[in-house]
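Peer 1: My structure is stored as my_file-v8.txt, with compact mmCIF, C-alpha atoms and all ligand atoms.
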```txt
# COMPACT_ATOMS: atom_id res chain seq x y z
CA MET G 30 110.27 77.09 47.20
CA ASN G 31 108.72 78.51 50.27
CA ALA G 32 109.52 82.11 50.89
CA ALA G 33 109.20 83.32 54.49
CA PRO G 34 106.78 86.25 54.21
CA GLN G 35 106.41 86.45 58.02
CA LYS G 36 110.05 87.08 58.66
CA PRO G 37 110.01 90.89 58.72
CA ASN G 38 106.93 90.67 60.91
CA ASP G 39 108.60 88.22 63.30
CA ASP G 40 111.63 90.45 63.46
CA SER G 41 109.61 93.51 64.23
CA HIS G 42 107.69 91.63 66.93
CA ARG G 43 110.92 90.46 68.49
CA LEU G 44 112.26 93.99 68.39
CA GLN G 45 109.06 95.28 69.98
CA ASP G 46 109.31 92.64 72.72
CA ARG G 47 112.88 93.59 73.41
CA LEU G 48 112.05 97.28 73.51
CA LEU G 49 109.23 96.58 75.95
CA HIS G 50 111.58 94.51 78.08
CA VAL G 51 114.23 97.24 78.07
CA SER G 52 111.71 99.95 78.91
CA ARG G 53 110.37 97.84 81.79
CA LEU G 54 113.90 97.35 83.06
CA ALA G 55 114.48 101.10 82.80
CA ALA G 56 111.30 101.77 84.79
CA VAL G 57 112.34 99.27 87.47
CA GLY G 58 115.81 100.80 87.59
CA GLU G 59 114.38 104.29 87.98
CA MET G 60 112.05 103.10 90.69
CA ALA G 61 114.86 101.31 92.53
CA ALA G 62 117.03 104.44 92.38
CA GLY G 63 114.15 106.46 93.83
CA ILE G 64 113.52 103.98 96.64
CA ALA G 65 117.22 103.83 97.47
CA HIS G 66 117.38 107.62 97.63
CA GLU G 67 114.25 107.96 99.77
CA LEU G 68 115.21 105.27 102.27
CA ASN G 69 118.80 106.39 102.49
CA GLN G 70 117.90 109.55 104.39
CA PRO G 71 116.07 107.97 107.35
CA LEU G 72 118.56 105.08 107.47
CA ALA G 73 121.54 107.46 107.57
CA ALA G 74 119.81 109.39 110.35
CA VAL G 75 119.21 106.16 112.34
CA ALA G 76 122.90 105.25 112.00
CA ASN G 77 124.00 108.74 113.12
CA TYR G 78 121.73 108.79 116.16
CA ALA G 79 122.76 105.25 117.15
CA GLN G 80 126.44 106.25 117.00
CA ALA G 81 125.63 109.34 119.08
CA CYS G 82 123.94 107.11 121.71
CA GLU G 83 126.99 104.86 121.87
CA ARG G 84 129.29 107.87 122.25
CA LEU G 85 127.10 109.46 124.94
CA LEU G 86 126.84 106.22 126.92
CA GLY G 87 130.65 105.90 126.83
CA LEU G 88 131.05 109.19 128.75
CA PRO G 89 131.74 109.01 132.52
CA ASN G 90 128.44 110.76 133.36
CA PRO G 91 126.17 110.20 130.37
CA ASP G 92 123.32 112.66 129.94
CA LEU G 93 120.40 110.21 129.78
CA GLU G 94 118.01 112.89 128.55
CA GLU G 95 120.18 113.39 125.48
CA VAL G 96 120.30 109.62 124.92
CA ARG G 97 116.50 109.46 125.21
CA ASP G 98 116.16 112.25 122.61
CA ALA G 99 118.41 110.35 120.21
CA LEU G 100 116.38 107.16 120.73
CA ARG G 101 113.17 109.07 119.99
CA GLN G 102 114.72 110.30 116.76
CA ILE G 103 115.68 106.73 115.86
CA ALA G 104 112.09 105.60 116.40
CA ALA G 105 110.71 108.53 114.36
CA GLN G 106 113.06 107.87 111.45
CA ALA G 107 112.19 104.15 111.48
CA VAL G 108 108.49 105.08 111.30
CA ARG G 109 109.28 107.38 108.37
CA ALA G 110 111.09 104.60 106.50
CA GLY G 111 108.15 102.26 107.16
CA ASP G 112 105.73 104.90 105.90
CA ILE G 113 107.68 105.22 102.62
CA ILE G 114 107.54 101.45 102.15
CA ASN G 115 103.80 101.33 102.89
CA ARG G 116 103.09 104.04 100.36
CA LEU G 117 105.17 102.22 97.76
CA ARG G 118 103.16 99.08 98.40
CA GLY G 119 99.99 101.06 97.74
CA LEU G 120 101.52 102.28 94.50
CA THR G 121 102.30 98.86 93.07
CA ARG G 122 99.12 97.16 94.21
CA SER G 123 96.81 96.88 91.24
CA ARG G 124 94.07 94.84 92.85
CA GLU G 125 90.45 95.45 91.99
CA THR G 126 88.64 97.64 94.48
CA ARG G 127 85.94 96.06 96.55
CA GLY G 128 83.81 99.04 97.37
CA GLU G 129 80.35 99.71 98.68
CA PRO G 130 77.65 102.10 97.45
CA THR G 131 78.78 105.52 98.62
CA ASP G 132 77.42 109.07 98.54
CA VAL G 133 80.39 111.10 97.25
CA ASN G 134 79.21 114.30 98.98
CA ALA G 135 78.93 112.47 102.31
CA LEU G 136 82.42 111.09 101.83
CA ILE G 137 83.73 114.65 101.49
CA ARG G 138 81.64 115.95 104.41
CA GLU G 139 83.25 113.27 106.59
CA VAL G 140 86.72 114.73 105.99
CA SER G 141 85.62 118.39 105.89
CA ASP G 142 86.55 119.01 109.55
CA LEU G 143 89.99 117.61 108.88
CA ILE G 144 90.34 119.80 105.77
CA ASP G 145 89.13 122.89 107.69
CA SER G 146 91.58 122.43 110.51
CA ASP G 147 94.44 121.71 108.12
CA ALA G 148 93.53 124.90 106.21
CA ARG G 149 93.42 126.97 109.43
CA HIS G 150 96.78 125.55 110.40
CA HIS G 151 98.13 126.80 107.04
CA GLN G 152 96.39 130.18 107.49
CA SER G 153 94.27 129.45 104.45
CA ARG G 154 90.58 129.55 103.64
CA CYS G 155 88.75 126.53 102.36
CA ARG G 156 85.51 126.49 100.36
CA ILE G 157 83.60 123.26 99.82
CA THR G 158 80.81 123.24 97.20
CA LEU G 159 78.84 120.04 96.75
CA ALA G 160 76.53 119.44 93.76
CA ASP G 161 72.98 118.22 94.37
CA GLY G 162 71.52 115.00 93.07
CA LEU G 163 74.67 112.95 92.54
CA PRO G 164 74.06 109.22 92.29
CA SER G 165 75.82 106.93 94.72
CA LEU G 166 78.91 105.10 93.44
CA VAL G 167 80.56 101.83 94.40
CA LEU G 168 83.79 102.99 96.04
CA GLU G 169 86.36 102.27 98.68
CA ARG G 170 85.53 105.44 100.58
CA ALA G 171 88.75 105.56 102.65
CA GLN G 172 90.84 105.40 99.49
CA ILE G 173 88.93 108.20 97.78
CA GLN G 174 89.17 110.26 100.97
CA GLN G 175 92.91 109.62 100.94
CA VAL G 176 93.09 111.07 97.39
CA VAL G 177 91.07 114.16 98.36
CA LEU G 178 93.25 114.75 101.42
CA ALA G 179 96.46 114.32 99.37
CA LEU G 180 95.22 116.91 96.85
CA VAL G 181 94.17 119.33 99.59
CA ARG G 182 97.48 118.85 101.36
CA ASN G 183 99.36 119.66 98.13
CA ALA G 184 97.20 122.76 97.66
CA LEU G 185 97.88 123.96 101.21
CA GLU G 186 101.60 123.34 100.83
CA ALA G 187 101.62 125.34 97.58
CA LEU G 188 99.63 128.18 99.18
CA ALA G 189 102.47 128.77 101.64
CA GLU G 190 104.14 130.60 98.73
CA VAL G 191 101.47 133.32 98.50
CA ALA G 192 100.35 135.97 100.99
CA PRO G 193 97.90 134.67 103.67
CA GLU G 194 94.99 136.84 102.42
CA LYS G 195 95.26 135.20 98.98
CA ARG G 196 95.33 131.61 100.20
CA GLU G 197 92.25 129.66 99.21
CA VAL G 198 91.56 126.03 98.42
CA ARG G 199 88.28 124.99 96.81
CA VAL G 200 86.92 121.48 96.91
CA SER G 201 83.85 120.75 94.80
CA THR G 202 81.81 117.93 93.36
CA ALA G 203 80.09 118.05 89.98
CA ARG G 204 78.50 115.92 87.31
CA SER G 205 80.36 116.00 83.99
CA PRO G 206 78.32 116.22 80.74
CA ASP G 207 78.94 112.51 80.11
CA GLY G 208 77.60 111.54 83.52
CA ASP G 209 80.85 110.95 85.42
CA ILE G 210 81.24 112.37 88.90
CA GLU G 211 84.08 114.83 89.36
CA ILE G 212 85.81 115.79 92.57
CA VAL G 213 87.78 118.96 91.88
CA VAL G 214 90.47 120.49 94.11
CA CYS G 215 91.77 123.93 93.06
CA ASP G 216 93.93 126.49 94.80
CA THR G 217 95.08 130.07 94.41
CA GLY G 218 98.77 129.18 94.78
CA PRO G 219 101.60 129.62 92.28
CA GLY G 220 100.50 126.69 90.05
CA ILE G 221 102.58 123.72 88.91
CA SER G 222 106.16 124.61 88.08
CA PRO G 223 106.71 124.17 84.34
CA GLU G 224 109.81 121.96 84.79
CA ILE G 225 107.80 119.14 86.36
CA VAL G 226 104.43 119.44 84.67
CA GLN G 227 105.20 116.48 82.35
CA ARG G 228 106.35 114.26 85.23
CA LEU G 229 103.79 115.34 87.82
CA PHE G 230 102.36 111.86 88.37
CA ASP G 231 105.69 109.98 88.24
CA PRO G 232 106.72 108.36 91.51
CA PHE G 233 109.32 110.44 93.39
CA CYS G 234 108.68 113.58 91.35
CA THR G 235 108.82 116.31 93.97
CA THR G 236 109.96 119.92 94.36
CA LYS G 237 109.72 119.81 98.17
CA PRO G 238 112.77 119.30 100.37
CA ALA G 239 110.88 116.85 102.60
CA GLY G 240 108.46 115.50 99.96
CA THR G 241 108.52 111.90 98.83
CA GLY G 242 106.76 112.59 95.52
CA LEU G 243 104.37 109.70 96.04
CA GLY G 244 101.15 111.64 96.76
CA LEU G 245 99.96 112.13 93.18
CA ALA G 246 101.35 108.80 91.92
CA SER G 247 99.48 106.75 94.53
CA SER G 248 96.35 108.90 94.13
CA ARG G 249 96.31 108.13 90.41
CA THR G 250 96.70 104.41 91.15
CA ILE G 251 93.61 104.62 93.37
CA ALA G 252 91.66 106.57 90.71
CA ARG G 253 92.48 103.93 88.09
CA ALA G 254 91.61 101.04 90.40
CA HIS G 255 88.14 102.64 90.54
CA GLY G 256 87.97 102.81 86.74
CA GLY G 257 88.46 106.57 86.95
CA THR G 258 91.14 109.14 86.17
CA LEU G 259 93.13 111.78 88.02
CA GLU G 260 94.36 114.69 85.92
CA HIS G 261 95.86 118.10 86.31
CA ARG G 262 93.55 120.68 84.66
CA PRO G 263 95.85 123.11 82.82
CA ASN G 264 95.30 126.75 81.82
CA GLN G 265 93.80 127.96 85.07
CA SER G 266 93.81 131.73 85.50
CA SER G 267 95.71 131.18 88.75
CA GLY G 268 96.90 128.32 90.91
CA ALA G 269 96.61 124.61 90.28
CA CYS G 270 93.59 122.42 89.71
CA PHE G 271 93.21 118.63 89.91
CA VAL G 272 90.20 116.61 88.79
CA LEU G 273 89.35 113.13 90.04
CA ARG G 274 86.78 111.59 87.68
CA LEU G 275 84.78 108.56 88.74
CA PRO G 276 82.57 106.70 86.29
CA THR G 277 78.89 106.08 86.93
CA PRO G 278 78.24 102.92 84.89
CA ALA G 279 74.52 102.73 85.53
CA TRP G 280 73.59 106.38 85.21
CA ARG G 281 71.51 106.20 82.04
N1 LIG G 301 98.48 122.26 94.18
C1 LIG G 301 99.73 122.29 93.73
N2 LIG G 301 100.33 123.47 93.42
C2 LIG G 301 101.60 123.52 92.97
N3 LIG G 301 102.39 122.41 92.79
C3 LIG G 301 101.84 121.22 93.08
C4 LIG G 301 100.52 121.08 93.57
N4 LIG G 301 100.26 119.76 93.74
C5 LIG G 301 101.40 119.10 93.41
N5 LIG G 301 102.35 119.97 93.02
C6 LIG G 301 103.70 119.64 92.56
O1 LIG G 301 103.75 118.27 92.26
C7 LIG G 301 104.79 117.63 93.01
C8 LIG G 301 104.39 116.20 93.29
O2 LIG G 301 103.31 116.16 94.22
P1 LIG G 301 103.13 114.86 95.11
O3 LIG G 301 101.94 115.07 95.99
O4 LIG G 301 103.15 113.67 94.24
O5 LIG G 301 104.46 114.81 95.97
P2 LIG G 301 104.92 115.79 97.15
O6 LIG G 301 103.76 116.61 97.63
O7 LIG G 301 106.11 116.53 96.67
O8 LIG G 301 105.37 114.77 98.28
P3 LIG G 301 104.39 113.85 99.16
O9 LIG G 301 102.97 114.06 98.71
O10 LIG G 301 104.84 112.46 98.89
O11 LIG G 301 104.63 114.32 100.55
C9 LIG G 301 104.98 118.50 94.22
O12 LIG G 301 106.29 118.38 94.76
C10 LIG G 301 104.74 119.91 93.64
O13 LIG G 301 105.89 120.42 93.01
MG MG G 302 101.92 115.66 98.09
```
Let me see whether you can do it: turn the structure in this file into structure tokens.

Peer 2:
Amino acid sequence: MNAAPQKPNDDSHRLQDRLLHVSRLAAVGEMAAGIAHELNQPLAAVANYAQACERLLGLPNPDLEEVRDALRQIAAQAVRAGDIINRLRGLTRSRETRGEPTDVNALIREVSDLIDSDARHHQSRCRITLADGLPSLVLERAQIQQVVLALVRNALEALAEVAPEKREVRVSTARSPDGDIEIVVCDTGPGISPEIVQRLFDPFCTTKPAGTGLGLASSRTIARAHGGTLEHRPNQSSGACFVLRLPTPAWR
């Protein structure tokens, strides 16, 4: 008589498969709910402005300037919807990066003017400290710059909550003890609110009225596509701190 010793194993595999399937479905459902919510706003605005145009043009002496304003709003909202879709595409793309040898400090210097002017606009100071002697890495520079700018933008937005004389964002590069290159963005703002700290990198996690909550999620996707990581560094004496770590495979 042949017993079936594999049966419990088979059952547990099947259960595991089903659980995986259900959790994937849940993730897709959550994502779809987020997309629906995000796109609903600009689409509702487009519909409202279009109705307003129709109403205005039905008047005996339509004010064409008002109609033009409404059409501009329609165009702006359509661009916003397109922007949300583009960022989502970036989030789901898991292609390998095809980079080129890049000096990480130079990559930051290239966006330093942009960072400075953004900081001035937010009445904040910005300090950039670049470590000497970093090896060059194979990167998609525009993508890494996009991550740095998203982190700086978050820092500047958070700094709006503290007095102007206390607003500072620090961008630095460093070599970690195990040879990785770190790009660190810290600020003197209020820090991450405790309610969202566990979900910080989830798509659509935002505390901002006009935020999409895609900045950190897509930045982490970029970090991972480079074989690196993007983490929030907890327990800072003040403010928030994010670390982008990029591996240097041939450093030894
Ligand atoms: N430097 C920071 N200080 C405090 N909170 C932060 C900081 N960076 C991120 N956060 C919190 O994390 C949330 C998610 O950030 P993320 O960049 O993903 O989205 P967002 O900034 O809200 O919207 P988006 O970047 O899409 O415009 C923010 O809403 C904010 O609550
Ligand atoms: Mg952001």

Peer 1: Using only C-alpha atoms and all ligand atoms, can you tell me which of G:Pro193, G:Asp142, G:Ile114, G:Asp209 comes closest to ligand LIG 301 (chain G)?

Peer 2: G:Ile114

Peer 1: Would you please work out which residue, of G:Ile157, G:Leu117, G:Ile212, G:Leu168, is nearest to ligand LIG 301 (chain G) when using all atoms listed in the file?

Peer 2: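 Looking at the shortest contact to ligand LIG 301 (chain G), the residue is G:Leu117.
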
Peer 1: Kindly provide, as a ChimeraX atom specification, all nucleotide and amino acid residues lying within 9 Å of ligand LIG 301 (chain G), counting all atoms listed in the file.

Peer 2: /G:113,116,179-188,198,214-222,225-226,228-248,261,268-271

Peer 1: Taking C-alpha atoms for each residue, export the selection above as a CSV table (one decimal), keeping the file's coordinate frame.

Peer 2:
```
chain,number,residue,atom,x,y,z
G,113,ILE,CA,107.7,105.2,102.6
G,116,ARG,CA,103.1,104.0,100.4
G,179,ALA,CA,96.5,114.3,99.4
G,180,LEU,CA,95.2,116.9,96.8
G,181,VAL,CA,94.2,119.3,99.6
G,182,ARG,CA,97.5,118.8,101.4
G,183,ASN,CA,99.4,119.7,98.1
G,184,ALA,CA,97.2,122.8,97.7
G,185,LEU,CA,97.9,124.0,101.2
G,186,GLU,CA,101.6,123.3,100.8
G,187,ALA,CA,101.6,125.3,97.6
G,188,LEU,CA,99.6,128.2,99.2
G,198,VAL,CA,91.6,126.0,98.4
G,214,VAL,CA,90.5,120.5,94.1
G,215,CYS,CA,91.8,123.9,93.1
G,216,ASP,CA,93.9,126.5,94.8
G,217,THR,CA,95.1,130.1,94.4
G,218,GLY,CA,98.8,129.2,94.8
G,219,PRO,CA,101.6,129.6,92.3
G,220,GLY,CA,100.5,126.7,90.0
G,221,ILE,CA,102.6,123.7,88.9
G,222,SER,CA,106.2,124.6,88.1
G,225,ILE,CA,107.8,119.1,86.4
G,226,VAL,CA,104.4,119.4,84.7
G,228,ARG,CA,106.4,114.3,85.2
G,229,LEU,CA,103.8,115.3,87.8
G,230,PHE,CA,102.4,111.9,88.4
G,231,ASP,CA,105.7,110.0,88.2
G,232,PRO,CA,106.7,108.4,91.5
G,233,PHE,CA,109.3,110.4,93.4
G,234,CYS,CA,108.7,113.6,91.4
G,235,THR,CA,108.8,116.3,94.0
G,236,THR,CA,110.0,119.9,94.4
G,237,LYS,CA,109.7,119.8,98.2
G,238,PRO,CA,112.8,119.3,100.4
G,239,ALA,CA,110.9,116.8,102.6
G,240,GLY,CA,108.5,115.5,100.0
G,241,THR,CA,108.5,111.9,98.8
G,242,GLY,CA,106.8,112.6,95.5
G,243,LEU,CA,104.4,109.7,96.0
G,244,GLY,CA,101.2,111.6,96.8
G,245,LEU,CA,100.0,112.1,93.2
G,246,ALA,CA,101.4,108.8,91.9
G,247,SER,CA,99.5,106.8,94.5
G,248,SER,CA,96.4,108.9,94.1
G,261,HIS,CA,95.9,118.1,86.3
G,268,GLY,CA,96.9,128.3,90.9
G,269,ALA,CA,96.6,124.6,90.3
G,270,CYS,CA,93.6,122.4,89.7
G,271,PHE,CA,93.2,118.6,89.9
```

Peer 1: Out of G:Ala148, G:Val272, G:Leu93, G:Val140, which residue has the shortest atom-to-atom distance to Ala189 (chain G) when counting only C-alpha atoms?

Peer 2: G:Ala148

Peer 1: Using only C-alpha atoms for the distances, tell me which of G:Pro278, G:Arg196, G:Asn115, G:Ala171 is nearest to Arg149 (chain G).

Peer 2: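 For Arg149 (chain G), the nearest of the given residues is G:Arg196.
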
Peer 1: Could you check which of G:Thr158, G:Thr202, G:Gln175, G:Asn134 is closest to ligand MG 302 (chain G), using all atoms listed in the file?

Peer 2: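 For ligand MG 302 (chain G), the nearest of the candidates is G:Gln175.
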
Peer 1: Could you tell me how far CA of Tyr78 (chain G) lies from CA of Glu94 (chain G), in Å and to one decimal?

Peer 2: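 So the two atoms, CA of Tyr78 (chain G) and CA of Glu94 (chain G), lie 13.6 Å apart.
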
Peer 1: Given 8 Å on each side, where is the centre and what are the edge lengths in Å to one decimal of the axis-aligned box enclosing the listed atoms of region 247-263 of chain G, as AutoDock Vina command-line options?

Peer 2:
```
--center_x 93.7 --center_y 112.1 --center_z 88.7 --size_x 27.5 --size_y 38.1 --size_z 27.7
```

Peer 1: For CA of Gly162 (chain G) and CA of Thr131 (chain G), determine how far apart the two atoms are, in Å to one decimal place.

Peer 2: 13.2 Å

Peer 1: Please determine, counting all atoms listed in the file, which residue among G:Val176, G:Ala74, G:Ala192, G:Leu163 has the shortest atom-to-atom distance to ligand MG 302 (chain G).

Peer 2: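 Of the candidates, the smallest distance to ligand MG 302 (chain G) is held by G:Val176.
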
Peer 1: Which value, in Å to one decimal, gives the distance between CA of Val177 (chain G) and CA of Ala61 (chain G)?

Peer 2: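 Those two atoms sit 27.7 Å apart.
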
Peer 1: Could you name the residues that touch Leu136 (chain G) at 9 Å or less, counting only C-alpha atoms, but leaving out those on the same chain fewer than 6 positions away, as a ChimeraX atom specification?

Peer 2: /G:170-171,173-174

Peer 1: Need to verify the contact set: Leu273 (chain G), 8 Å, only C-alpha atoms, exclusion of same-chain residues closer than 6 positions in sequence. Can you return it as a ChimeraX atom specification?

Peer 2: /G:211-213,252,257-260
